[in-house]
Amino acid sequence: MKIVVLGTGCSKCKSLYSTVMRVVDETGINAEVVKQEDMAEILKFNVMTLPALVIDGRVAGKGLLSADEVRNLINLAM
C-alpha cells in the first residue's frame, strides 16, 4: 500500500503526516508513506483542499484528519 500526504509543508500538513505515520506504526500495516510538497505533483490529484490523503493513487480524504479517520480510510482501502 502506498499512502501519500499532499501538502505544502504547513502545520496542518505536517500534523496529518505525523498522524498517518503513527497509525501505520500502531497498526503494523505494510505501507510506504510519502509526503508530497511539490505543487505540480499535488495538482495532478485535482484537490483544492490541503492537506489531502491519497491511498494507492486515490484521494481518500481531505483536511486535517484524526487518527480514527485515517485508520478507517486505510481499512476501507485494504
# chains A, B, ... in the order shown; residues from 1 in each chain; ligands from 1

$ select_by_dssp --residues "chain A" --states "helix (DSSP H, G or I)" --output "PDB file with C-alpha atoms, in the first residue's frame"
ATOM      1  CA  SER A  11       1.410  22.891  10.155  1.00  0.00           C
ATOM      2  CA  LYS A  12      -1.794  21.005   9.196  1.00  0.00           C
ATOM      3  CA  CYS A  13       0.073  19.089   6.514  1.00  0.00           C
ATOM      4  CA  LYS A  14       2.835  18.154   8.944  1.00  0.00           C
ATOM      5  CA  SER A  15       0.246  17.130  11.530  1.00  0.00           C
ATOM      6  CA  LEU A  16      -1.562  14.844   9.077  1.00  0.00           C
ATOM      7  CA  TYR A  17       1.735  13.242   8.053  1.00  0.00           C
ATOM      8  CA  SER A  18       2.569  12.584  11.726  1.00  0.00           C
ATOM      9  CA  THR A  19      -0.881  11.117  12.310  1.00  0.00           C
ATOM     10  CA  VAL A  20      -0.560   8.807   9.306  1.00  0.00           C
ATOM     11  CA  MET A  21       2.895   7.648  10.438  1.00  0.00           C
ATOM     12  CA  ARG A  22       1.581   6.966  13.951  1.00  0.00           C
ATOM     13  CA  VAL A  23      -1.409   4.968  12.647  1.00  0.00           C
ATOM     14  CA  VAL A  24       0.790   2.933  10.302  1.00  0.00           C
ATOM     15  CA  ASP A  25       3.241   2.195  13.136  1.00  0.00           C
ATOM     16  CA  GLU A  26       0.480   1.319  15.633  1.00  0.00           C
ATOM     17  CA  THR A  27      -1.393  -0.987  13.281  1.00  0.00           C
ATOM     18  CA  MET A  39       2.626  21.755  -6.197  1.00  0.00           C
ATOM     19  CA  ALA A  40       2.930  20.388  -9.738  1.00  0.00           C
ATOM     20  CA  GLU A  41       2.522  16.865  -8.353  1.00  0.00           C
ATOM     21  CA  ILE A  42      -0.260  17.892  -5.954  1.00  0.00           C
ATOM     22  CA  LEU A  43      -2.245  19.476  -8.804  1.00  0.00           C
ATOM     23  CA  ALA A  67      -6.158   9.104  13.806  1.00  0.00           C
ATOM     24  CA  ASP A  68      -9.500   7.247  13.805  1.00  0.00           C
ATOM     25  CA  GLU A  69     -10.432   8.764  10.436  1.00  0.00           C
ATOM     26  CA  VAL A  70      -7.048   7.826   8.962  1.00  0.00           C
ATOM     27  CA  ARG A  71      -7.348   4.296  10.357  1.00  0.00           C
ATOM     28  CA  ASN A  72     -10.841   3.908   8.860  1.00  0.00           C
ATOM     29  CA  LEU A  73      -9.736   5.206   5.446  1.00  0.00           C
ATOM     30  CA  ILE A  74      -6.789   2.806   5.389  1.00  0.00           C
ATOM     31  CA  ASN A  75      -9.042  -0.101   6.388  1.00  0.00           C
ATOM     32  CA  LEU A  76     -11.507   0.791   3.618  1.00  0.00           C
ATOM     33  CA  ALA A  77      -8.687   0.809   1.078  1.00  0.00           C
TER      34      ALA A  77
END

$ closest_residue --among "A:Ala52, A:Met1, A:Met78, A:Ala60" --to "A:Glu37" --atoms "only C-alpha atoms"
A:Ala52

$ select_by_dssp --residues "chain A" --states "strand (DSSP E or B)" --output "ChimeraX atom specification"
/A:2-6,32-36,52-55,58-62

$ atom_distance --atom1 "atom CA of A:Thr8" --atom2 "atom CA of A:Ile29"
25.6 Å

$ residues_around --residues "A:Phe45" --least-positions-apart "2" --cutoff "12 Å" --atoms "only C-alpha atoms" --output "list in words"
Val4, Val5, Leu6, Gly7, Gln36, Asp38, Met39, Ala40, Glu41, Ile42, Leu43, Val47, Met48, Thr49, Leu50, Pro51, Ala52, Leu53, Val54, Ile55, Gly57, Arg58, Val59, Ala60, Gly61 and Lys62 of chain A
